[in-house]
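**Student:** Contents of protein.pdb (PDB, C-alpha atoms and all ligand atoms) are given next:
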```pdb
ATOM      1  CA  MET A  42       6.185  14.603 -27.642
ATOM      2  CA  ASP A  43       6.657  11.162 -26.080
ATOM      3  CA  GLN A  44       4.131   9.595 -23.769
ATOM      4  CA  ALA A  45       6.012  10.448 -20.579
ATOM      5  CA  THR A  46       6.299  14.090 -21.558
ATOM      6  CA  GLY A  47       2.615  14.158 -22.379
ATOM      7  CA  LEU A  48       1.848  12.558 -19.060
ATOM      8  CA  ARG A  49       3.865  15.101 -17.144
ATOM      9  CA  LYS A  50       2.236  17.967 -19.015
ATOM     10  CA  MET A  51      -1.188  16.520 -18.486
ATOM     11  CA  VAL A  52      -0.693  16.047 -14.763
ATOM     12  CA  ARG A  53       0.900  19.443 -14.371
ATOM     13  CA  GLY A  54      -1.783  21.018 -16.517
ATOM     14  CA  GLU A  55      -4.290  20.837 -13.682
ATOM     15  CA  SER A  56      -2.619  23.883 -12.162
ATOM     16  CA  ARG A  57       0.403  26.044 -12.755
ATOM     17  CA  LYS A  58       2.337  24.520  -9.867
ATOM     18  CA  VAL A  59       5.375  22.466 -10.809
ATOM     19  CA  TYR A  60       5.978  19.104  -9.177
ATOM     20  CA  ARG A  61       9.003  16.999  -9.903
ATOM     21  CA  LEU A  62       8.780  13.611 -11.523
ATOM     22  CA  THR A  63      11.849  11.670 -10.587
ATOM     23  CA  GLY A  64      13.414   8.849 -12.600
ATOM     24  CA  GLY A  65      11.934  10.158 -15.840
ATOM     25  CA  GLY A  66      14.119   7.821 -17.886
ATOM     26  CA  GLY A  67      12.124   4.890 -16.594
ATOM     27  CA  LEU A  68       8.877   6.261 -17.900
ATOM     28  CA  SER A  69       9.997   6.846 -21.426
ATOM     29  CA  ALA A  70      12.644   4.181 -21.897
ATOM     30  CA  LYS A  71      11.935   1.598 -24.572
ATOM     31  CA  LYS A  72      11.514  -2.052 -23.637
ATOM     32  CA  ARG A  73      11.290  -1.222 -19.960
ATOM     33  CA  GLY A  74       8.535  -1.982 -17.554
ATOM     34  CA  PRO A  75       6.356  -5.029 -17.363
ATOM     35  CA  ARG A  76       4.047  -6.343 -20.020
ATOM     36  CA  VAL A  77       0.501  -5.677 -18.846
ATOM     37  CA  VAL A  78      -1.915  -8.568 -19.361
ATOM     38  CA  ALA A  79      -5.562  -8.400 -18.298
ATOM     39  CA  ILE A  80      -7.283 -11.639 -17.291
ATOM     40  CA  THR A  81     -10.901 -10.861 -17.926
ATOM     41  CA  SER A  82     -14.330 -12.362 -18.648
ATOM     42  CA  GLY A  83     -17.902 -11.478 -19.418
ATOM     43  CA  LYS A  84     -19.378 -13.969 -16.979
ATOM     44  CA  GLY A  85     -18.333 -14.325 -13.344
ATOM     45  CA  GLY A  86     -16.920 -17.493 -11.823
ATOM     46  CA  VAL A  87     -15.207 -18.745 -14.985
ATOM     47  CA  GLY A  88     -11.758 -19.019 -13.372
ATOM     48  CA  LYS A  89     -10.033 -15.615 -13.782
ATOM     49  CA  THR A  90      -8.531 -15.452 -10.301
ATOM     50  CA  ASN A  91      -7.239 -19.006 -10.544
ATOM     51  CA  VAL A  92      -5.760 -18.240 -13.946
ATOM     52  CA  ALA A  93      -4.080 -15.049 -12.704
ATOM     53  CA  VAL A  94      -2.495 -16.688  -9.672
ATOM     54  CA  ASN A  95      -1.491 -20.014 -11.236
ATOM     55  CA  VAL A  96      -0.099 -18.458 -14.364
ATOM     56  CA  GLY A  97       1.616 -15.844 -12.189
ATOM     57  CA  VAL A  98       3.401 -18.587 -10.245
ATOM     58  CA  ALA A  99       4.247 -20.435 -13.484
ATOM     59  CA  CYS A 100       5.773 -17.267 -15.015
ATOM     60  CA  GLN A 101       7.709 -16.612 -11.794
ATOM     61  CA  ARG A 102       9.127 -20.144 -12.034
ATOM     62  CA  MET A 103      10.363 -19.244 -15.516
ATOM     63  CA  GLY A 104      12.439 -16.497 -13.939
ATOM     64  CA  LYS A 105      10.023 -13.643 -14.650
ATOM     65  CA  ARG A 106       9.209 -11.164 -11.921
ATOM     66  CA  VAL A 107       5.437 -11.115 -11.643
ATOM     67  CA  LEU A 108       3.101  -8.530 -10.174
ATOM     68  CA  ILE A 109      -0.603  -9.313  -9.916
ATOM     69  CA  PHE A 110      -2.929  -6.365  -9.673
ATOM     70  CA  ASP A 111      -6.101  -7.539  -7.965
ATOM     71  CA  ALA A 112      -8.553  -5.228  -9.669
ATOM     72  CA  ASP A 113     -11.613  -7.307  -8.879
ATOM     73  CA  LEU A 114     -13.527  -4.953  -6.659
ATOM     74  CA  GLY A 115     -16.006  -7.628  -5.664
ATOM     75  CA  LEU A 116     -15.841  -9.871  -2.640
ATOM     76  CA  ALA A 117     -13.903 -12.896  -3.830
ATOM     77  CA  ASN A 118     -10.507 -11.261  -4.021
ATOM     78  CA  ILE A 119      -7.167 -13.003  -4.455
ATOM     79  CA  ASP A 120      -6.226 -12.650  -0.799
ATOM     80  CA  ILE A 121      -9.396 -14.365   0.348
ATOM     81  CA  ILE A 122      -9.162 -17.159  -2.208
ATOM     82  CA  PHE A 123      -5.500 -17.841  -1.489
ATOM     83  CA  GLY A 124      -5.465 -17.197   2.237
ATOM     84  CA  ILE A 125      -3.122 -14.220   2.128
ATOM     85  CA  THR A 126      -3.284 -11.595   4.833
ATOM     86  CA  VAL A 127      -3.836  -8.110   3.478
ATOM     87  CA  ARG A 128      -3.150  -5.285   5.857
ATOM     88  CA  HIS A 129      -3.234  -2.357   3.489
ATOM     89  CA  THR A 130      -4.810  -1.616   0.127
ATOM     90  CA  ILE A 131      -4.924   1.162  -2.458
ATOM     91  CA  GLU A 132      -7.421   2.857  -0.150
ATOM     92  CA  ASP A 133      -4.560   3.542   2.293
ATOM     93  CA  ILE A 134      -2.722   5.305  -0.519
ATOM     94  CA  VAL A 135      -5.775   7.402  -1.295
ATOM     95  CA  ARG A 136      -5.950   8.398   2.369
ATOM     96  CA  GLY A 137      -2.255   9.260   2.229
ATOM     97  CA  GLU A 138      -1.426   6.786   4.970
ATOM     98  CA  LYS A 139       0.777   4.383   3.000
ATOM     99  CA  GLU A 140       3.112   4.349   0.046
ATOM    100  CA  LEU A 141       2.733   1.961  -2.852
ATOM    101  CA  SER A 142       5.668  -0.191  -1.798
ATOM    102  CA  GLN A 143       4.042  -0.662   1.628
ATOM    103  CA  ILE A 144       0.836  -2.169   0.274
ATOM    104  CA  ILE A 145       2.411  -4.766  -2.025
ATOM    105  CA  ILE A 146       2.195  -8.206  -0.481
ATOM    106  CA  GLU A 147       4.076 -11.370  -1.211
ATOM    107  CA  GLY A 148       1.914 -14.151  -2.597
ATOM    108  CA  PRO A 149       2.717 -17.786  -3.400
ATOM    109  CA  GLU A 150       6.303 -18.462  -4.511
ATOM    110  CA  GLY A 151       7.282 -14.819  -4.365
ATOM    111  CA  VAL A 152       4.623 -13.457  -6.729
ATOM    112  CA  SER A 153       3.851  -9.871  -5.711
ATOM    113  CA  ILE A 154       0.269  -8.707  -5.338
ATOM    114  CA  ILE A 155      -1.295  -5.246  -5.214
ATOM    115  CA  PRO A 156      -4.612  -5.587  -3.398
ATOM    116  CA  ALA A 157      -6.964  -3.095  -4.975
ATOM    117  CA  SER A 158     -10.093  -2.966  -2.840
ATOM    118  CA  SER A 159     -12.549  -0.239  -3.598
ATOM    119  CA  GLY A 160     -10.100   2.648  -3.501
ATOM    120  CA  VAL A 161      -9.107   2.407  -7.142
ATOM    121  CA  GLN A 162     -11.665   4.824  -8.558
ATOM    122  CA  GLU A 163     -10.751   7.428  -5.978
ATOM    123  CA  LEU A 164      -7.209   7.470  -7.352
ATOM    124  CA  SER A 165      -8.347   9.859 -10.061
ATOM    125  CA  TYR A 166      -9.415  12.352  -7.383
ATOM    126  CA  LEU A 167      -5.985  12.605  -5.767
ATOM    127  CA  THR A 168      -4.362  16.000  -5.770
ATOM    128  CA  GLU A 169      -1.821  16.842  -8.414
ATOM    129  CA  GLY A 170       1.078  16.469  -5.989
ATOM    130  CA  GLN A 171      -0.160  13.085  -4.771
ATOM    131  CA  LYS A 172      -0.492  11.861  -8.358
ATOM    132  CA  ILE A 173       3.059  12.902  -9.155
ATOM    133  CA  ASN A 174       4.315  11.083  -6.074
ATOM    134  CA  LEU A 175       2.432   7.946  -7.039
ATOM    135  CA  LEU A 176       3.650   8.096 -10.629
ATOM    136  CA  ASN A 177       7.167   8.280  -9.295
ATOM    137  CA  GLU A 178       6.485   5.207  -7.177
ATOM    138  CA  PHE A 179       4.971   3.361 -10.132
ATOM    139  CA  ASP A 180       8.016   4.326 -12.148
ATOM    140  CA  ARG A 181      10.231   2.581  -9.613
ATOM    141  CA  LEU A 182       7.919  -0.464  -9.727
ATOM    142  CA  ASN A 183       8.251  -0.669 -13.500
ATOM    143  CA  ARG A 184      11.847  -1.680 -13.169
ATOM    144  CA  LYS A 185      11.109  -4.377 -10.612
ATOM    145  CA  PHE A 186       8.703  -6.493 -12.664
ATOM    146  CA  ASP A 187       8.577  -8.217 -16.032
ATOM    147  CA  ILE A 188       4.891  -9.094 -16.189
ATOM    148  CA  MET A 189       1.878  -7.487 -14.582
ATOM    149  CA  LEU A 190      -1.309  -9.581 -14.588
ATOM    150  CA  ILE A 191      -4.578  -7.798 -13.853
ATOM    151  CA  ASP A 192      -7.483  -9.804 -12.448
ATOM    152  CA  THR A 193     -10.212  -7.493 -13.750
ATOM    153  CA  GLY A 194     -13.395  -8.915 -12.302
ATOM    154  CA  ALA A 195     -16.275  -9.944 -14.565
ATOM    155  CA  GLY A 196     -18.756  -8.134 -16.764
ATOM    156  CA  ILE A 197     -19.000  -4.915 -18.718
ATOM    157  CA  SER A 198     -19.033  -2.473 -15.806
ATOM    158  CA  SER A 199     -16.913   0.631 -16.214
ATOM    159  CA  ASN A 200     -14.257  -0.818 -13.899
ATOM    160  CA  VAL A 201     -13.738  -3.912 -15.987
ATOM    161  CA  ILE A 202     -13.590  -1.878 -19.203
ATOM    162  CA  PHE A 203     -11.283   0.612 -17.519
ATOM    163  CA  PHE A 204      -8.700  -2.013 -16.583
ATOM    164  CA  ASN A 205      -8.973  -3.787 -19.914
ATOM    165  CA  LEU A 206      -8.245  -0.545 -21.726
ATOM    166  CA  GLY A 207      -5.069  -0.045 -19.761
ATOM    167  CA  ALA A 208      -3.737  -3.498 -20.623
ATOM    168  CA  GLU A 209      -1.625  -4.375 -23.585
ATOM    169  CA  GLN A 210      -3.033  -7.869 -23.972
ATOM    170  CA  ARG A 211      -6.458  -9.113 -22.926
ATOM    171  CA  ILE A 212      -7.030 -12.762 -22.169
ATOM    172  CA  VAL A 213     -10.766 -13.427 -22.165
ATOM    173  CA  VAL A 214     -11.550 -16.514 -20.082
ATOM    174  CA  VAL A 215     -14.484 -18.501 -21.466
ATOM    175  CA  THR A 216     -16.053 -21.823 -20.480
ATOM    176  CA  PRO A 217     -18.189 -23.967 -22.810
ATOM    177  CA  GLU A 218     -21.358 -22.755 -21.063
ATOM    178  CA  PRO A 219     -23.530 -20.771 -23.511
ATOM    179  CA  THR A 220     -23.894 -17.856 -21.055
ATOM    180  CA  SER A 221     -20.132 -17.605 -20.695
ATOM    181  CA  MET A 222     -19.829 -17.355 -24.482
ATOM    182  CA  THR A 223     -22.602 -14.766 -24.885
ATOM    183  CA  ASP A 224     -21.214 -12.666 -22.016
ATOM    184  CA  ALA A 225     -17.704 -12.834 -23.515
ATOM    185  CA  TYR A 226     -19.208 -11.677 -26.809
ATOM    186  CA  ALA A 227     -20.894  -8.742 -25.015
ATOM    187  CA  LEU A 228     -17.582  -7.729 -23.401
ATOM    188  CA  ILE A 229     -15.700  -7.886 -26.715
ATOM    189  CA  LYS A 230     -18.465  -5.894 -28.406
ATOM    190  CA  VAL A 231     -18.296  -3.074 -25.846
ATOM    191  CA  MET A 232     -14.501  -2.957 -25.979
ATOM    192  CA  PHE A 233     -14.565  -2.831 -29.783
ATOM    193  CA  SER A 234     -17.538  -0.608 -30.533
ATOM    194  CA  ARG A 235     -17.008   1.957 -27.778
ATOM    195  CA  HIS A 236     -13.230   1.888 -27.416
ATOM    196  CA  GLY A 237     -11.848   0.575 -30.688
ATOM    197  CA  VAL A 238     -10.041  -2.399 -29.138
ATOM    198  CA  LYS A 239      -9.386  -4.842 -31.969
ATOM    199  CA  HIS A 240      -7.365  -7.659 -30.500
ATOM    200  CA  PHE A 241      -8.222 -10.287 -27.895
ATOM    201  CA  CYS A 242      -6.894 -13.668 -26.770
ATOM    202  CA  LEU A 243      -9.267 -16.405 -25.764
ATOM    203  CA  LEU A 244      -8.563 -18.937 -23.022
ATOM    204  CA  ALA A 245     -10.967 -21.868 -22.811
ATOM    205  CA  ASN A 246     -11.345 -22.977 -19.196
ATOM    206  CA  MET A 247     -13.083 -25.990 -17.673
ATOM    207  CA  VAL A 248     -13.030 -27.944 -20.944
ATOM    208  CA  GLU A 249     -12.454 -31.663 -21.495
ATOM    209  CA  ASP A 250      -9.407 -31.293 -23.718
ATOM    210  CA  ASP A 251      -7.765 -29.197 -26.407
ATOM    211  CA  GLN A 252     -10.385 -30.283 -28.920
ATOM    212  CA  GLU A 253     -13.202 -28.825 -26.838
ATOM    213  CA  GLY A 254     -11.073 -25.732 -26.161
ATOM    214  CA  MET A 255     -10.572 -25.225 -29.894
ATOM    215  CA  SER A 256     -14.262 -25.645 -30.550
ATOM    216  CA  VAL A 257     -15.102 -22.956 -27.948
ATOM    217  CA  TYR A 258     -12.549 -20.700 -29.631
ATOM    218  CA  LYS A 259     -13.828 -21.385 -33.145
ATOM    219  CA  ASN A 260     -17.472 -20.814 -32.190
ATOM    220  CA  LEU A 261     -16.772 -17.487 -30.531
ATOM    221  CA  SER A 262     -14.357 -16.229 -33.164
ATOM    222  CA  ARG A 263     -16.801 -17.154 -35.932
ATOM    223  CA  VAL A 264     -19.555 -15.013 -34.398
ATOM    224  CA  VAL A 265     -17.131 -12.188 -33.591
ATOM    225  CA  GLY A 266     -15.769 -12.327 -37.153
ATOM    226  CA  ARG A 267     -19.269 -12.158 -38.623
ATOM    227  CA  PHE A 268     -20.529  -9.186 -36.608
ATOM    228  CA  MET A 269     -17.335  -7.311 -35.782
ATOM    229  CA  GLY A 270     -15.131  -7.070 -38.823
ATOM    230  CA  GLY A 271     -11.639  -5.988 -37.884
ATOM    231  CA  VAL A 272     -11.542  -7.796 -34.545
ATOM    232  CA  SER A 273      -8.958 -10.559 -34.302
ATOM    233  CA  MET A 274      -8.823 -13.281 -31.694
ATOM    234  CA  ASP A 275      -5.897 -15.518 -30.804
ATOM    235  CA  TYR A 276      -6.255 -18.870 -29.121
ATOM    236  CA  ALA A 277      -4.282 -18.681 -25.865
ATOM    237  CA  GLY A 278      -4.984 -22.341 -25.090
ATOM    238  CA  PHE A 279      -7.140 -24.296 -22.678
ATOM    239  CA  ILE A 280      -7.283 -25.318 -19.021
ATOM    240  CA  PRO A 281      -9.020 -28.660 -18.425
ATOM    241  CA  ARG A 282     -11.751 -29.105 -15.878
ATOM    242  CA  ASP A 283      -9.725 -30.585 -13.054
ATOM    243  CA  ALA A 284     -10.761 -31.931  -9.654
ATOM    244  CA  CYS A 285      -7.228 -31.185  -8.366
ATOM    245  CA  LEU A 286      -7.810 -27.489  -9.008
ATOM    246  CA  GLN A 287     -11.024 -27.587  -6.984
ATOM    247  CA  GLU A 288      -9.231 -29.424  -4.201
ATOM    248  CA  ALA A 289      -6.466 -26.797  -4.293
ATOM    249  CA  VAL A 290      -9.074 -24.016  -4.055
ATOM    250  CA  SER A 291     -10.485 -25.619  -0.930
ATOM    251  CA  ARG A 292      -6.936 -25.695   0.511
ATOM    252  CA  ARG A 293      -6.569 -22.029  -0.478
ATOM    253  CA  GLN A 294      -3.480 -22.791  -2.545
ATOM    254  CA  PRO A 295      -2.682 -22.454  -6.246
ATOM    255  CA  VAL A 296      -2.965 -25.842  -7.966
ATOM    256  CA  VAL A 297       0.503 -25.433  -9.518
ATOM    257  CA  CYS A 298       1.911 -25.369  -5.966
ATOM    258  CA  CYS A 299       0.064 -28.278  -4.369
ATOM    259  CA  HIS A 300      -0.468 -30.468  -7.462
ATOM    260  CA  PRO A 301       2.310 -29.600  -9.922
ATOM    261  CA  GLN A 302       1.632 -32.741 -11.964
ATOM    262  CA  ALA A 303      -2.114 -32.122 -12.333
ATOM    263  CA  THR A 304      -3.459 -31.672 -15.856
ATOM    264  CA  SER A 305      -4.508 -28.084 -15.099
ATOM    265  CA  SER A 306      -1.001 -27.293 -13.743
ATOM    266  CA  LYS A 307       0.502 -28.424 -17.042
ATOM    267  CA  SER A 308      -1.895 -26.176 -18.945
ATOM    268  CA  PHE A 309      -1.033 -23.203 -16.709
ATOM    269  CA  LYS A 310       2.595 -23.816 -17.586
ATOM    270  CA  ASP A 311       1.720 -23.785 -21.299
ATOM    271  CA  LEU A 312      -0.198 -20.537 -20.818
ATOM    272  CA  ALA A 313       2.784 -19.000 -18.994
ATOM    273  CA  ASN A 314       4.962 -19.990 -21.957
ATOM    274  CA  TYR A 315       2.478 -18.350 -24.312
ATOM    275  CA  ILE A 316       2.486 -15.094 -22.314
ATOM    276  CA  VAL A 317       6.266 -15.007 -21.985
ATOM    277  CA  ARG A 318       6.711 -15.803 -25.690
ATOM    278  CA  GLU A 319       4.266 -13.048 -26.643
ATOM    279  CA  SER A 320       6.099 -10.543 -24.411
ATOM    280  CA  ALA A 321       9.428 -11.431 -26.001
ATOM    281  CA  ASN A 322       8.001 -10.791 -29.461
ATOM    282  CA  LYS A 323       6.579  -7.391 -28.655
ATOM    283  CA  ASP A 324       8.059  -4.094 -27.695
ATOM    284  CA  GLY A 325       5.978  -3.253 -24.654
ATOM    285  CA  ALA A 326       7.132   0.328 -24.420
ATOM    286  CA  GLY A 327       4.444   2.749 -23.438
ATOM    287  CA  ASN A 328       1.816   0.362 -22.233
ATOM    288  CA  ILE A 329       2.657   0.253 -18.565
ATOM    289  CA  GLN A 330       2.737   4.035 -18.536
ATOM    290  CA  PHE A 331      -0.612   4.076 -20.299
ATOM    291  CA  PHE A 332      -2.030   1.768 -17.649
ATOM    292  CA  TRP A 333      -0.895   3.855 -14.692
ATOM    293  CA  ARG A 334      -1.882   7.058 -16.432
ATOM    294  CA  GLN A 335      -5.414   5.710 -16.833
ATOM    295  CA  LEU A 336      -5.519   4.694 -13.230
ATOM    296  CA  LEU A 337      -4.319   7.996 -11.873
ATOM    297  CA  CYS A 338      -5.672  10.514 -14.301
ATOM    298  CA  GLY A 339      -8.889   8.753 -15.234
ATOM    299  CA  VAL A 340      -8.056   9.016 -18.923
ATOM    300  CA  ARG A 341     -10.663   6.989 -20.747
ATOM    301  CA  ASP A 342      -9.870   7.911 -24.284
ATOM    302  CA  GLY A 343      -9.874   4.243 -25.287
ATOM    303  CA  GLY A 344      -8.299   3.020 -28.480
ATOM    304  CA  ASP A 345      -6.118  -0.009 -28.868
ATOM    305  CA  GLU A 346      -2.838   1.836 -28.714
ATOM    306  CA  SER A 347      -0.870  -1.342 -28.388
ATOM    307  CA  GLY A 348      -1.740  -2.332 -31.893
ATOM    308  CA  ASP A 349      -1.189  -5.981 -31.036
TER
HETATM  309  N1  LIG B 401     -10.099 -25.612 -14.596
HETATM  310  C1  LIG B 401     -10.958 -25.764 -13.605
HETATM  311  N2  LIG B 401     -11.355 -26.988 -13.195
HETATM  312  C2  LIG B 401     -12.242 -27.163 -12.208
HETATM  313  N3  LIG B 401     -12.814 -26.147 -11.538
HETATM  314  C3  LIG B 401     -12.474 -24.908 -11.883
HETATM  315  C4  LIG B 401     -11.530 -24.629 -12.914
HETATM  316  N4  LIG B 401     -11.389 -23.279 -13.010
HETATM  317  C5  LIG B 401     -12.189 -22.751 -12.089
HETATM  318  N5  LIG B 401     -12.837 -23.705 -11.412
HETATM  319  C6  LIG B 401     -13.852 -23.538 -10.337
HETATM  320  O1  LIG B 401     -14.471 -22.295 -10.498
HETATM  321  C7  LIG B 401     -14.432 -21.563  -9.297
HETATM  322  C8  LIG B 401     -14.321 -20.092  -9.602
HETATM  323  O2  LIG B 401     -13.009 -19.772 -10.015
HETATM  324  P1  LIG B 401     -12.420 -18.308  -9.869
HETATM  325  O3  LIG B 401     -12.696 -17.761  -8.513
HETATM  326  O4  LIG B 401     -11.007 -18.354 -10.307
HETATM  327  O5  LIG B 401     -13.329 -17.579 -10.938
HETATM  328  P2  LIG B 401     -13.431 -16.011 -11.226
HETATM  329  O6  LIG B 401     -13.672 -15.874 -12.683
HETATM  330  O7  LIG B 401     -12.250 -15.306 -10.668
HETATM  331  O8  LIG B 401     -14.729 -15.613 -10.413
HETATM  332  P3  LIG B 401     -15.271 -14.125 -10.111
HETATM  333  O9  LIG B 401     -15.861 -13.639 -11.409
HETATM  334  O10 LIG B 401     -16.287 -14.337  -9.045
HETATM  335  O11 LIG B 401     -14.094 -13.306  -9.675
HETATM  336  C9  LIG B 401     -13.245 -22.141  -8.529
HETATM  337  O12 LIG B 401     -13.434 -22.016  -7.155
HETATM  338  C10 LIG B 401     -13.225 -23.567  -8.952
HETATM  339  O13 LIG B 401     -14.070 -24.323  -8.123
HETATM  340 MG    MG B 402     -12.131 -13.678  -9.301
END
```
As structure tokens, please, write out the structure in this file.
Ligand SMILES: Nc1ncnc2c1ncn2[C@@H]1O[C@H](COP(=O)(O)OP(=O)(O)OP(=O)(O)O)[C@@H](O)[C@H]1O
Ligand SMILES: [Mg+2]
**Tutor:**
Amino acid sequence: MDQATGLRKMVRGESRKVYRLTGGGGLSAKKRGPRVVAITSGKGGVGKTNVAVNVGVACQRMGKRVLIFDADLGLANIDIIFGITVRHTIEDIVRGEKELSQIIIEGPEGVSIIPASSGVQELSYLTEGQKINLLNEFDRLNRKFDIMLIDTGAGISSNVIFFNLGAEQRIVVVTPEPTSMTDAYALIKVMFSRHGVKHFCLLANMVEDDQEGMSVYKNLSRVVGRFMGGVSMDYAGFIPRDACLQEAVSRRQPVVCCHPQATSSKSFKDLANYIVRESANKDGAGNIQFFWRQLLCGVRDGGDESGD
């Protein structure tokens, strides 16, 4: 039984009523649907939202169709940071007042954004019919995007874990600050020990140069290797501490848009290359479905199904 069939059975299994899933081919087809990448961290304020938006724009410039899922349920959401007007959120879907396509907003340089707000958890309480409708909408979305970046928020709360589990690749943003490293370690530990996730990518932010980035990576991976055998960590690269980025934040614009030649902009481009290269090497089938299934059905069975 493939994943889509299982999904349909699971959703239908809540009652004997039969609802129709349209466009079923899209759910089960191989190599279809975006690669799902979580941008996450243990500690807050380490640069996740800036990474998500700048790398999103950089991927879009490479011809990829990018969707950012703003899953940070805190206050500093993407729309506020980048001065985008949000009229509707997932909450409107929960209330049955809007469809998914109506809540997606256009961000910088055509990057699409789903503003999450606090309605995400309520998605698992939708009725069976509503879930089927949403899955059909998500199925249509799958064909419109190549990469979905999730800005997960910080910490080890159930929300952060929840979104990380749905992603195929997890980029843990870390700064050289000791608390950022210990909090990243705590996040990796929870993901591994409770959910069996074995693979992570580390992005060193706010470092001097590649050398400092590498040293952050080596320090963390050494400790992870010692206490969590079986966990592997890739080095996704570094973003330098850059005054241009801070200036861009105060202008409420992505740095890659207002300072394309800045050192941080160049690093965001490298990171976009890394993500695109990784997606080309992997068959992403199944993971986008897994993500939406988690979101809608509240399936928290964990496990690193991606095997990457
Ligand atoms: N590479 C960088 N160089 C200089 N400053 C940076 C850099 N990255 C992030 N910052 C600073 O850190 C601040 C926080 O960044 P951002 O909002 O992206 O973090 P976050 O991890 O999303 O935070 P939260 O956990 O609150 O969602 C930015 O406003 C900016 O001032
Ligand atoms: Mg943020």
**Student:** Would you list the residues that come within 8 Å of ligand LIG 401 (chain B)? Count only C-alpha atoms and all ligand atoms and give the answer as a ChimeraX atom specification.
**Tutor:** /A:81-82,84-92,113,115-118,122,192,194-195,214,246-248,280-287,290-291,305
**Student:** Smallest atom-to-atom distance to Leu164 (chain A): which of A:Gly137, A:Gly207, A:Pro217, A:Gly254, using all atoms listed in the file?
**Tutor:**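 Smallest separation from Leu164 (chain A) among the options: A:Gly137.
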**Student:** Measuring atom to atom with all atoms listed in the file, identify which of A:Met103, A:Met189, A:Ala79, A:Ala112 is nearest to ligand MG 402 (chain B).
**Tutor:**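 Ranking A:Met103, A:Met189, A:Ala79, A:Ala112 by distance to ligand MG 402 (chain B), first place goes to A:Ala112.
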**Student:** For the atom pair CA of Glu147 (chain A) and CA of Glu178 (chain A), what is the interatomic distance in Å to one decimal place?
**Tutor:**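 Between these atoms lies a distance of 17.8 Å.
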**Student:** Determine, counting only C-alpha atoms, every residue of protein, DNA or RNA that lies within 7 Å of (-8.0, -5.6, -33.3) in the file coordinates, then give the result as a PyMOL selection string.
**Tutor:** chain A and resi 238-240+271-273
**Student:** What does the structure give for the distance between CA of Asn314 (chain A) and CA of Gly104 (chain A), in Å to one decimal?
**Tutor:** 11.5 Å
**Student:** With only C-alpha atoms and all ligand atoms as the atoms that count, which of A:Ser320, A:Asn95, A:Asn177, A:Thr193 lies nearest to ligand MG 402 (chain B)?
**Tutor:**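 Closest to ligand MG 402 (chain B) of all the choices is A:Thr193.
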**Student:** Rank A:Leu108, A:Val201, A:Ala245, A:Ile119 by their smallest atom-to-atom distance to ligand MG 402 (chain B), using all atoms listed in the file, and report the top residue only.
**Tutor:**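 For ligand MG 402 (chain B), the nearest of the given residues is A:Ile119.
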**Student:** Just the residues within 12 Å of Gly270 (chain A), please, counting all atoms listed in the file, with nothing from its chain fewer than 3 positions along; format it as a ChimeraX atom specification.
**Tutor:** /A:230,233-234,237-240,262-267,273-274
**Student:** Between CA of Gln101 (chain A) and CA of Cys298 (chain A), what is the distance in Å, rounded to a tenth?
**Tutor:**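 Those two atoms sit 12.0 Å apart.
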**Student:** As a count of residues only, please: the residues near Gln143 (chain A) (cut-off 10 Å, all atoms listed in the file, same-chain neighbours under 2 positions excluded).
**Tutor:** 12
**Student:** At a cut-off of 7 Å from (-2.1, -29.8, -10.9) in the coordinates of the file, what residues are picked up using only C-alpha atoms, written as a list in words?
**Tutor:**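 Residues found, by chain and rising number: Cys285, Leu286, Val296, Val297, His300, Pro301, Gln302, Ala303, Thr304, Ser305, Ser306 and Lys307 of chain A.
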**Student:** Deliver the residues from the most recent selection as a file, using C-alpha atoms, as a PDB file, in the frame of the given file.
**Tutor:**
```pdb
ATOM      1  CA  CYS A 285      -7.228 -31.185  -8.366  1.00  0.00           C
ATOM      2  CA  LEU A 286      -7.810 -27.489  -9.008  1.00  0.00           C
ATOM      3  CA  VAL A 296      -2.965 -25.842  -7.966  1.00  0.00           C
ATOM      4  CA  VAL A 297       0.503 -25.433  -9.518  1.00  0.00           C
ATOM      5  CA  HIS A 300      -0.468 -30.468  -7.462  1.00  0.00           C
ATOM      6  CA  PRO A 301       2.310 -29.600  -9.922  1.00  0.00           C
ATOM      7  CA  GLN A 302       1.632 -32.741 -11.964  1.00  0.00           C
ATOM      8  CA  ALA A 303      -2.114 -32.122 -12.333  1.00  0.00           C
ATOM      9  CA  THR A 304      -3.459 -31.672 -15.856  1.00  0.00           C
ATOM     10  CA  SER A 305      -4.508 -28.084 -15.099  1.00  0.00           C
ATOM     11  CA  SER A 306      -1.001 -27.293 -13.743  1.00  0.00           C
ATOM     12  CA  LYS A 307       0.502 -28.424 -17.042  1.00  0.00           C
TER      13      LYS A 307
END
```
**Student:** Excluding same-chain residues fewer than 3 positions from Tyr276 (chain A), what lies within 7 Å of it counting only C-alpha atoms, as a list in words?
**Tutor:** Cys242, Leu243, Leu244 and Tyr258 of chain A
**Student:** Return the single residue from A:Phe123, A:Phe110, A:Phe279, A:Phe204 that is closest to Arg334 (chain A), with distances computed using all atoms listed in the file.
**Tutor:**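 Closest to Arg334 (chain A) of all the choices is A:Phe204.
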**Student:** Set the distance at 8 Å and use only C-alpha atoms: which residues neighbour Ala93 (chain A) once local chain neighbours fewer than 4 positions away are removed? I'd like the list as number ranges by chain.
**Tutor:** A: 80, 89, 97, 109, 190-192
**Student:** Which residue gives the smallest distance to Val317 (chain A) among A:Gln294, A:Arg235, A:Ala277, A:Leu228, with all atoms listed in the file counted?
**Tutor:**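 For Val317 (chain A), the nearest of the given residues is A:Ala277.
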